[in-house]
file run-v9.pdb (PDB, C-alpha atoms)
ATOM      1  CA  MET A 767       1.121  10.357  -0.921
ATOM      2  CA  GLU A 768      -2.316   9.582  -2.377
ATOM      3  CA  LYS A 769      -0.907   6.866  -4.617
ATOM      4  CA  GLU A 770       0.007   4.843  -1.522
ATOM      5  CA  PHE A 771      -3.697   4.359  -0.730
ATOM      6  CA  ILE A 772      -6.198   2.161  -2.504
ATOM      7  CA  THR A 773      -8.904   3.904  -4.534
ATOM      8  CA  TYR A 774     -12.240   4.997  -3.090
ATOM      9  CA  ASN A 775     -14.176   2.242  -4.866
ATOM     10  CA  GLN A 776     -11.725  -0.368  -3.614
ATOM     11  CA  ALA A 777     -11.907   1.053  -0.079
ATOM     12  CA  LEU A 778     -15.704   0.967  -0.203
ATOM     13  CA  ALA A 779     -15.613  -2.646  -1.357
ATOM     14  CA  LEU A 780     -13.247  -3.581   1.466
ATOM     15  CA  LYS A 781     -15.518  -1.859   3.972
ATOM     16  CA  GLU A 782     -18.455  -3.915   2.654
ATOM     17  CA  LEU A 783     -16.333  -7.052   3.006
ATOM     18  CA  GLY A 784     -15.644  -6.217   6.657
ATOM     19  CA  PHE A 785     -12.297  -4.465   6.639
ATOM     20  CA  ASP A 786     -12.077  -2.406   9.830
ATOM     21  CA  GLU A 787      -8.469  -1.758  10.762
ATOM     22  CA  PRO A 788      -6.715   1.477  11.720
ATOM     23  CA  CYS A 789      -5.679   3.528   8.710
ATOM     24  CA  PHE A 790      -3.703   6.694   8.127
ATOM     25  CA  ALA A 791      -6.443   8.291   6.046
ATOM     26  CA  PHE A 792     -10.103   8.028   5.147
ATOM     27  CA  TYR A 793     -12.370   9.010   2.290
ATOM     28  CA  THR A 794     -15.069  11.579   2.811
ATOM     29  CA  SER A 795     -17.220  13.627   0.476
ATOM     30  CA  LYS A 796     -16.118  17.097  -0.503
ATOM     31  CA  LYS A 797     -18.254  19.984   0.692
ATOM     32  CA  PHE A 798     -21.110  20.835  -1.694
ATOM     33  CA  SER A 799     -20.104  17.948  -3.942
ATOM     34  CA  ASN A 800     -20.561  14.218  -4.380
ATOM     35  CA  ASP A 801     -16.853  13.788  -5.150
ATOM     36  CA  MET A 802     -14.797  11.891  -2.596
ATOM     37  CA  CYS A 803     -11.500  13.139  -1.228
ATOM     38  CA  LEU A 804      -8.758  11.609   0.893
ATOM     39  CA  GLU A 805      -8.292  13.094   4.358
ATOM     40  CA  PRO A 806      -5.455  12.206   6.726
ATOM     41  CA  VAL A 807      -6.369  10.901  10.162
ATOM     42  CA  THR A 808      -5.040  13.564  12.503
ATOM     43  CA  GLN A 809      -4.964  14.119  16.223
ATOM     44  CA  LYS A 810      -8.245  15.994  16.141
ATOM     45  CA  TYR A 811      -9.923  12.614  15.863
ATOM     46  CA  ASN A 812      -9.843  10.386  18.901
ATOM     47  CA  THR A 813      -8.239   6.964  19.000
ATOM     48  CA  GLU A 814     -11.515   5.106  18.778
ATOM     49  CA  PHE A 815     -12.447   7.020  15.678
ATOM     50  CA  ASN A 816      -9.023   6.339  14.184
ATOM     51  CA  SER A 817      -9.472   2.632  14.694
ATOM     52  CA  HIS A 818     -13.030   2.287  13.517
ATOM     53  CA  VAL A 819     -13.710   4.793  10.782
ATOM     54  CA  ASN A 820     -15.549   2.089   8.915
ATOM     55  CA  SER A 821     -18.158   1.752  11.655
ATOM     56  CA  SER A 822     -19.191   5.298  10.797
ATOM     57  CA  GLY A 823     -21.782   5.554   8.046
ATOM     58  CA  SER A 824     -20.462   8.233   5.736
ATOM     59  CA  LEU A 825     -16.721   7.762   6.119
ATOM     60  CA  VAL A 826     -14.620   5.047   4.519
ATOM     61  CA  SER A 827     -11.212   3.934   5.791
ATOM     62  CA  ALA A 828      -8.458   4.318   3.203
ATOM     63  CA  PRO A 829      -6.093   1.356   3.591
ATOM     64  CA  LEU A 830      -2.611   1.354   2.125
ATOM     65  CA  TYR A 831      -2.071  -1.146  -0.684
ATOM     66  CA  GLN A 832       0.074  -3.241   1.665
ATOM     67  CA  GLN A 833      -2.720  -3.269   4.263
ATOM     68  CA  ALA A 834      -5.276  -4.385   1.686
ATOM     69  CA  PHE A 835      -3.094  -7.188   0.299
ATOM     70  CA  ARG A 836      -2.218  -8.331   3.834
ATOM     71  CA  TRP A 837      -5.911  -8.352   4.792
ATOM     72  CA  PHE A 838      -6.726 -10.698   1.883
ATOM     73  CA  ARG A 839      -3.764 -12.918   2.826
ATOM     74  CA  GLU A 840      -4.719 -13.164   6.475
ATOM     75  CA  LYS A 841      -8.510 -13.362   6.104
ATOM     76  CA  TYR A 842      -8.841 -15.509   2.982
ATOM     77  CA  GLY A 843      -5.379 -16.994   2.374
ATOM     78  CA  LEU A 844      -5.308 -15.162  -0.974
ATOM     79  CA  PHE A 845      -1.868 -13.937  -1.982
ATOM     80  CA  GLY A 846      -1.892 -11.297  -4.717
ATOM     81  CA  TYR A 847       1.199  -9.898  -6.394
ATOM     82  CA  SER A 848       2.412  -8.375  -9.645
ATOM     83  CA  TYR A 849       5.364  -9.493 -11.733
ATOM     84  CA  PRO A 850       7.118  -8.577 -14.988
ATOM     85  CA  ASN A 851       6.109 -11.036 -17.720
ATOM     86  CA  ASP A 852       7.831 -12.191 -20.903
ATOM     87  CA  TYR A 853       6.054  -9.591 -23.042
ATOM     88  CA  GLN A 854       7.733  -6.632 -21.340
ATOM     89  CA  LYS A 855       4.465  -5.975 -19.517
ATOM     90  CA  TYR A 856       3.272  -6.616 -15.978
ATOM     91  CA  GLY A 857       0.999  -9.445 -15.012
ATOM     92  CA  TYR A 858      -0.541 -10.326 -11.684
ATOM     93  CA  ARG A 859      -1.152 -13.541  -9.886
ATOM     94  CA  ILE A 860      -3.486 -14.656  -7.133
ATOM     95  CA  VAL A 861      -2.622 -17.798  -5.199
ATOM     96  CA  LEU A 862      -4.818 -19.451  -2.594
ATOM     97  CA  VAL A 863      -2.620 -20.803   0.182
ATOM     98  CA  LYS A 864      -4.439 -23.142   2.555
ATOM     99  CA  ASN A 865      -1.114 -24.284   3.992
ATOM    100  CA  PRO A 866       2.490 -24.369   2.662
ATOM    101  CA  GLU A 867       1.860 -27.750   0.979
ATOM    102  CA  ASN A 868      -1.518 -26.804  -0.440
ATOM    103  CA  GLN A 869      -1.344 -23.891  -2.871
ATOM    104  CA  GLU A 870      -3.742 -23.258  -5.721
ATOM    105  CA  LEU A 871      -3.203 -20.791  -8.551
ATOM    106  CA  VAL A 872      -6.493 -18.902  -8.714
ATOM    107  CA  TYR A 873      -5.657 -16.297 -11.333
ATOM    108  CA  ASP A 874      -2.708 -15.425 -13.547
ATOM    109  CA  TRP A 875      -3.185 -12.770 -16.160
ATOM    110  CA  GLY A 876      -2.644  -9.153 -17.053
ATOM    111  CA  THR A 877      -0.655  -7.156 -19.527
ATOM    112  CA  LYS A 878      -0.326  -3.821 -17.820
ATOM    113  CA  ASP A 879       2.207  -1.170 -18.703
ATOM    114  CA  ALA A 880       3.309  -0.422 -15.138
ATOM    115  CA  PRO A 881       3.603  -2.428 -11.910
ATOM    116  CA  GLU A 882       1.240   0.005 -10.166
ATOM    117  CA  GLU A 883      -1.442  -0.701 -12.780
ATOM    118  CA  ALA A 884      -0.967  -4.419 -12.259
ATOM    119  CA  GLU A 885      -1.270  -4.026  -8.479
ATOM    120  CA  LEU A 886      -4.454  -2.013  -8.846
ATOM    121  CA  ALA A 887      -5.933  -4.633 -11.172
ATOM    122  CA  CYS A 888      -4.786  -7.413  -8.849
ATOM    123  CA  LEU A 889      -6.627  -5.829  -5.940
ATOM    124  CA  ASN A 890      -9.774  -5.414  -8.039
ATOM    125  CA  LYS A 891      -9.573  -9.112  -8.912
ATOM    126  CA  LEU A 892      -9.135 -10.084  -5.252
ATOM    127  CA  ILE A 893     -12.275  -8.089  -4.401
ATOM    128  CA  GLU A 894     -14.168  -9.717  -7.264
ATOM    129  CA  ILE A 895     -13.118 -13.223  -6.186
ATOM    130  CA  VAL A 896     -14.134 -12.727  -2.560
ATOM    131  CA  LYS A 897     -17.421 -11.039  -3.498
ATOM    132  CA  SER A 898     -18.335 -13.956  -5.739
ATOM    133  CA  LYS A 899     -17.846 -16.521  -2.959
TER
ATOM    134  CA  MET B  27       0.580   0.865  12.776
ATOM    135  CA  LYS B  28       4.354   0.870  13.352
ATOM    136  CA  ASN B  29       4.654  -2.383  11.427
ATOM    137  CA  GLU B  30       3.631  -0.622   8.225
ATOM    138  CA  PHE B  31       7.071   1.031   8.116
ATOM    139  CA  ILE B  32      10.460  -0.483   7.393
ATOM    140  CA  PRO B  33      12.801  -0.607  10.426
ATOM    141  CA  TYR B  34      15.163   2.260  11.194
ATOM    142  CA  GLU B  35      18.260   0.433   9.940
ATOM    143  CA  GLN B  36      16.632  -0.282   6.582
ATOM    144  CA  ALA B  37      15.316   3.289   6.356
ATOM    145  CA  LEU B  38      18.841   4.533   6.948
ATOM    146  CA  ALA B  39      20.163   2.227   4.219
ATOM    147  CA  LEU B  40      17.517   3.486   1.771
ATOM    148  CA  LYS B  41      18.418   7.053   2.631
ATOM    149  CA  GLU B  42      22.056   6.273   1.814
ATOM    150  CA  LEU B  43      20.908   4.730  -1.476
ATOM    151  CA  GLY B  44      19.128   7.958  -2.338
ATOM    152  CA  PHE B  45      15.509   7.302  -1.348
ATOM    153  CA  ASP B  46      13.856  10.701  -1.130
ATOM    154  CA  GLU B  47      10.103  10.253  -1.496
ATOM    155  CA  PRO B  48       7.453  11.860   0.720
ATOM    156  CA  CYS B  49       6.645   9.654   3.726
ATOM    157  CA  LEU B  50       3.896   9.561   6.319
ATOM    158  CA  LYS B  51       6.297   9.370   9.259
ATOM    159  CA  ILE B  52       9.922   9.859  10.150
ATOM    160  CA  TRP B  53      12.447   8.101  12.338
ATOM    161  CA  GLU B  54      14.426  10.079  14.870
ATOM    162  CA  LYS B  55      17.207   7.615  15.562
ATOM    163  CA  THR B  56      15.218   4.603  16.712
ATOM    164  CA  MET B  57      11.983   6.377  17.576
ATOM    165  CA  LEU B  58       9.204   6.521  15.051
ATOM    166  CA  PHE B  59       7.317   9.790  15.209
ATOM    167  CA  THR B  60       3.895   8.930  16.481
ATOM    168  CA  THR B  61       2.393  12.155  15.219
ATOM    169  CA  LEU B  62       1.538  12.082  11.572
ATOM    170  CA  VAL B  63       3.710  14.342   9.529
ATOM    171  CA  ASN B  64       1.922  16.366   6.935
ATOM    172  CA  PRO B  65       3.694  15.606   3.648
ATOM    173  CA  GLU B  66       4.025  19.325   2.967
ATOM    174  CA  GLU B  67       5.678  19.909   6.307
ATOM    175  CA  PHE B  68       7.797  16.876   5.884
ATOM    176  CA  LYS B  69      10.410  18.422   3.651
ATOM    177  CA  ARG B  70      10.840  21.231   6.149
ATOM    178  CA  VAL B  71      11.529  19.020   9.157
ATOM    179  CA  VAL B  72      13.783  16.499   7.482
ATOM    180  CA  SER B  73      17.402  17.031   8.304
ATOM    181  CA  GLU B  74      20.481  15.036   9.142
ATOM    182  CA  ARG B  75      18.913  14.188  12.474
ATOM    183  CA  TYR B  76      15.943  12.494  10.901
ATOM    184  CA  THR B  77      15.426   9.689   8.483
ATOM    185  CA  LYS B  78      12.316   9.235   6.435
ATOM    186  CA  ALA B  79      10.305   6.166   7.375
ATOM    187  CA  PRO B  80       9.182   4.563   4.101
ATOM    188  CA  LEU B  81       6.277   2.139   4.023
ATOM    189  CA  TYR B  82       7.169  -1.399   2.955
ATOM    190  CA  GLN B  83       5.315  -0.789  -0.317
ATOM    191  CA  GLN B  84       7.374   2.342  -0.944
ATOM    192  CA  ALA B  85      10.624   0.501  -0.311
ATOM    193  CA  PHE B  86       9.703  -2.341  -2.660
ATOM    194  CA  SER B  87       8.451   0.101  -5.263
ATOM    195  CA  GLU B  88      11.775   1.952  -5.105
ATOM    196  CA  ALA B  89      13.635  -1.318  -5.606
ATOM    197  CA  LYS B  90      11.451  -2.231  -8.594
ATOM    198  CA  GLU B  91      11.949   1.162 -10.204
ATOM    199  CA  SER B  92      15.703   0.961  -9.730
ATOM    200  CA  VAL B  93      15.821  -2.355 -11.527
ATOM    201  CA  ILE B  94      13.252  -1.367 -14.132
ATOM    202  CA  GLY B  95      15.504   1.584 -14.962
ATOM    203  CA  ASP B  96      17.544  -1.018 -16.805
ATOM    204  CA  SER B  97      14.770  -2.862 -18.616
ATOM    205  CA  LYS B  98      17.208  -5.267 -20.258
ATOM    206  CA  LEU B  99      18.350  -6.350 -16.836
ATOM    207  CA  ILE B 100      14.874  -7.073 -15.510
ATOM    208  CA  PHE B 101      13.739  -9.022 -18.552
ATOM    209  CA  LYS B 102      16.982 -10.963 -18.605
ATOM    210  CA  PHE B 103      16.336 -11.670 -14.950
ATOM    211  CA  THR B 104      12.823 -12.994 -15.591
ATOM    212  CA  GLN B 105      14.045 -15.314 -18.320
ATOM    213  CA  VAL B 106      16.540 -17.092 -16.073
TER
END

call {"tool": "encode", "arguments": {"input": "run-v9.pdb", "output": "structure tokens"}}
result
Amino acid sequence: MEKEFITYNQALALKELGFDEPCFAFYTSKKFSNDMCLEPVTQKYNTEFNSHVNSSGSLVSAPLYQQAFRWFREKYGLFGYSYPNDYQKYGYRIVLVKNPENQELVYDWGTKDAPEEAELACLNKLIEIVKSK
Amino acid sequence: MKNEFIPYEQALALKELGFDEPCLKIWEKTMLFTTLVNPEEFKRVVSERYTKAPLYQQAFSEAKESVIGDSKLIFKFTQV
């Protein structure tokens, strides 16, 4: 199931940008190591903890890809999605939607081999765009 | 968090279409299990009584892969 969650670096970036919604998992460091691992949120953690992992210093919420893309849509009006292009590759697009009549193409690029790669790159670009604002 | 999963009727339809990926939760008729299901335990508990509850992203990914299976079809589709 790990592929359903955004990467640690992306999750950390979202935390820095203010993402703080309930998630099914979180990133924490492995024992005796600096490596990060994905842990499911289980019943041993209380509801408050489940909802606000990101308010804790050392833990990082692990959003699903759909949660991350929705967060950018709802918070910034940035719609990111991947698509198959004419070169038998996968591109990704980011559109800024201020309202249905006012849409601006912010980014349209990418020649990835798989849709998952394009989605990952699309999310990285969304983070980069918002960080640069 | 319930809204992260496709509705029961759609989950049932995906099951009939052959969807069989690990999921975080399962539907029992119209009730979504509120307790997280460990993916390893998941295979054990799934039976006729239960239906896997795919995330929206899993459902869309499944649809993409089904179409991509016939690459000619998808690239013909994009050229229309």

call {"tool": "closest_residue", "arguments": {"input": "run-v9.pdb", "among": "A:Ser848, A:Gln832, A:Gln776, A:Asn800", "to": "chain B", "atoms": "only C-alpha atoms"}}
result
A:Gln832

call {"tool": "resolve_selection", "arguments": {"input": "run-v9.pdb", "expression": "the PyMOL selection byres ((chain A and resi 887) around 12)", "output": "mmCIF file with C-alpha atoms, in the frame of the given file"}}
result
data_model
loop_
_atom_site.group_PDB
_atom_site.id
_atom_site.type_symbol
_atom_site.label_atom_id
_atom_site.label_comp_id
_atom_site.auth_asym_id
_atom_site.auth_seq_id
_atom_site.Cartn_x
_atom_site.Cartn_y
_atom_site.Cartn_z
ATOM 1 C CA ILE A 772 -6.198 2.161 -2.504
ATOM 2 C CA THR A 773 -8.904 3.904 -4.534
ATOM 3 C CA GLN A 776 -11.725 -0.368 -3.614
ATOM 4 C CA TYR A 831 -2.071 -1.146 -0.684
ATOM 5 C CA GLY A 846 -1.892 -11.297 -4.717
ATOM 6 C CA TYR A 847 1.199 -9.898 -6.394
ATOM 7 C CA SER A 848 2.412 -8.375 -9.645
ATOM 8 C CA TYR A 856 3.272 -6.616 -15.978
ATOM 9 C CA GLY A 857 0.999 -9.445 -15.012
ATOM 10 C CA TYR A 858 -0.541 -10.326 -11.684
ATOM 11 C CA ARG A 859 -1.152 -13.541 -9.886
ATOM 12 C CA ILE A 860 -3.486 -14.656 -7.133
ATOM 13 C CA TYR A 873 -5.657 -16.297 -11.333
ATOM 14 C CA ASP A 874 -2.708 -15.425 -13.547
ATOM 15 C CA TRP A 875 -3.185 -12.770 -16.160
ATOM 16 C CA GLY A 876 -2.644 -9.153 -17.053
ATOM 17 C CA THR A 877 -0.655 -7.156 -19.527
ATOM 18 C CA LYS A 878 -0.326 -3.821 -17.820
ATOM 19 C CA ASP A 879 2.207 -1.170 -18.703
ATOM 20 C CA ALA A 880 3.309 -0.422 -15.138
ATOM 21 C CA PRO A 881 3.603 -2.428 -11.910
ATOM 22 C CA GLU A 882 1.240 0.005 -10.166
ATOM 23 C CA GLU A 883 -1.442 -0.701 -12.780
ATOM 24 C CA ALA A 884 -0.967 -4.419 -12.259
ATOM 25 C CA GLU A 885 -1.270 -4.026 -8.479
ATOM 26 C CA LEU A 886 -4.454 -2.013 -8.846
ATOM 27 C CA CYS A 888 -4.786 -7.413 -8.849
ATOM 28 C CA LEU A 889 -6.627 -5.829 -5.940
ATOM 29 C CA ASN A 890 -9.774 -5.414 -8.039
ATOM 30 C CA LYS A 891 -9.573 -9.112 -8.912
ATOM 31 C CA LEU A 892 -9.135 -10.084 -5.252
ATOM 32 C CA ILE A 893 -12.275 -8.089 -4.401
ATOM 33 C CA GLU A 894 -14.168 -9.717 -7.264
#

call {"tool": "interface_residues", "arguments": {"input": "run-v9.pdb", "of": "chain A", "to": "chain B", "cutoff": "8 Å", "atoms": "all atoms listed in the file", "output": "ChimeraX atom specification"}}
result
/A:767,770,788-789,808-809,831-833,850-852,854

call {"tool": "residues_around", "arguments": {"input": "run-v9.pdb", "residues": "Gln36 in chain B", "least_positions_apart": "5", "cutoff": "10 Å", "atoms": "all atoms listed in the file", "output": "list in words"}}
result
Phe31, Lys41, Glu42, Ala79, Pro80 and Ala85 of chain B

call {"tool": "closest_residue", "arguments": {"input": "run-v9.pdb", "among": "A:Val807, A:Leu778, A:Tyr849, A:Glu787", "to": "Ser824 in chain A", "atoms": "all atoms listed in the file"}}
result
A:Leu778

call {"tool": "atom_distance", "arguments": {"input": "run-v9.pdb", "atom1": "CA of Phe792 in chain A", "atom2": "CA of Ile52 in chain B"}}
result
20.7 Å

call {"tool": "residues_around", "arguments": {"input": "run-v9.pdb", "residues": "Glu35 in chain B", "least_positions_apart": "4", "cutoff": "10 Å", "atoms": "all atoms listed in the file", "output": "list in words"}}
result
Ala39, Leu40, Lys41, Trp53, Lys55, Thr56 and Thr77 of chain B

call {"tool": "atom_distance", "arguments": {"input": "run-v9.pdb", "atom1": "CA of Leu862 in chain A", "atom2": "CA of Leu844 in chain A"}}
result
4.6 Å

call {"tool": "atom_distance", "arguments": {"input": "run-v9.pdb", "atom1": "CA of Leu783 in chain A", "atom2": "CA of Val863 in chain A"}}
result
19.6 Å

call {"tool": "axis_aligned_box", "arguments": {"input": "run-v9.pdb", "around": "range 878-881 of chain A", "padding_each_side": "6 Å", "output": "AutoDock Vina command-line options"}}
result
--center_x 1.6 --center_y -2.1 --center_z -15.3 --size_x 15.9 --size_y 15.4 --size_z 18.8

call {"tool": "closest_residue", "arguments": {"input": "run-v9.pdb", "among": "A:Leu871, A:Met802, A:Val861, A:Ala828", "to": "Phe785 in chain A", "atoms": "only C-alpha atoms"}}
result
A:Ala828

call {"tool": "closest_residue", "arguments": {"input": "run-v9.pdb", "among": "A:Phe838, A:Phe845, A:Phe771, A:Leu830", "to": "Val896 in chain A", "atoms": "all atoms listed in the file"}}
result
A:Phe838

call {"tool": "closest_residue", "arguments": {"input": "run-v9.pdb", "among": "A:Lys797, A:Gly843, A:Ser827, A:Cys803", "to": "Ala779 in chain A", "atoms": "only C-alpha atoms"}}
result
A:Ser827
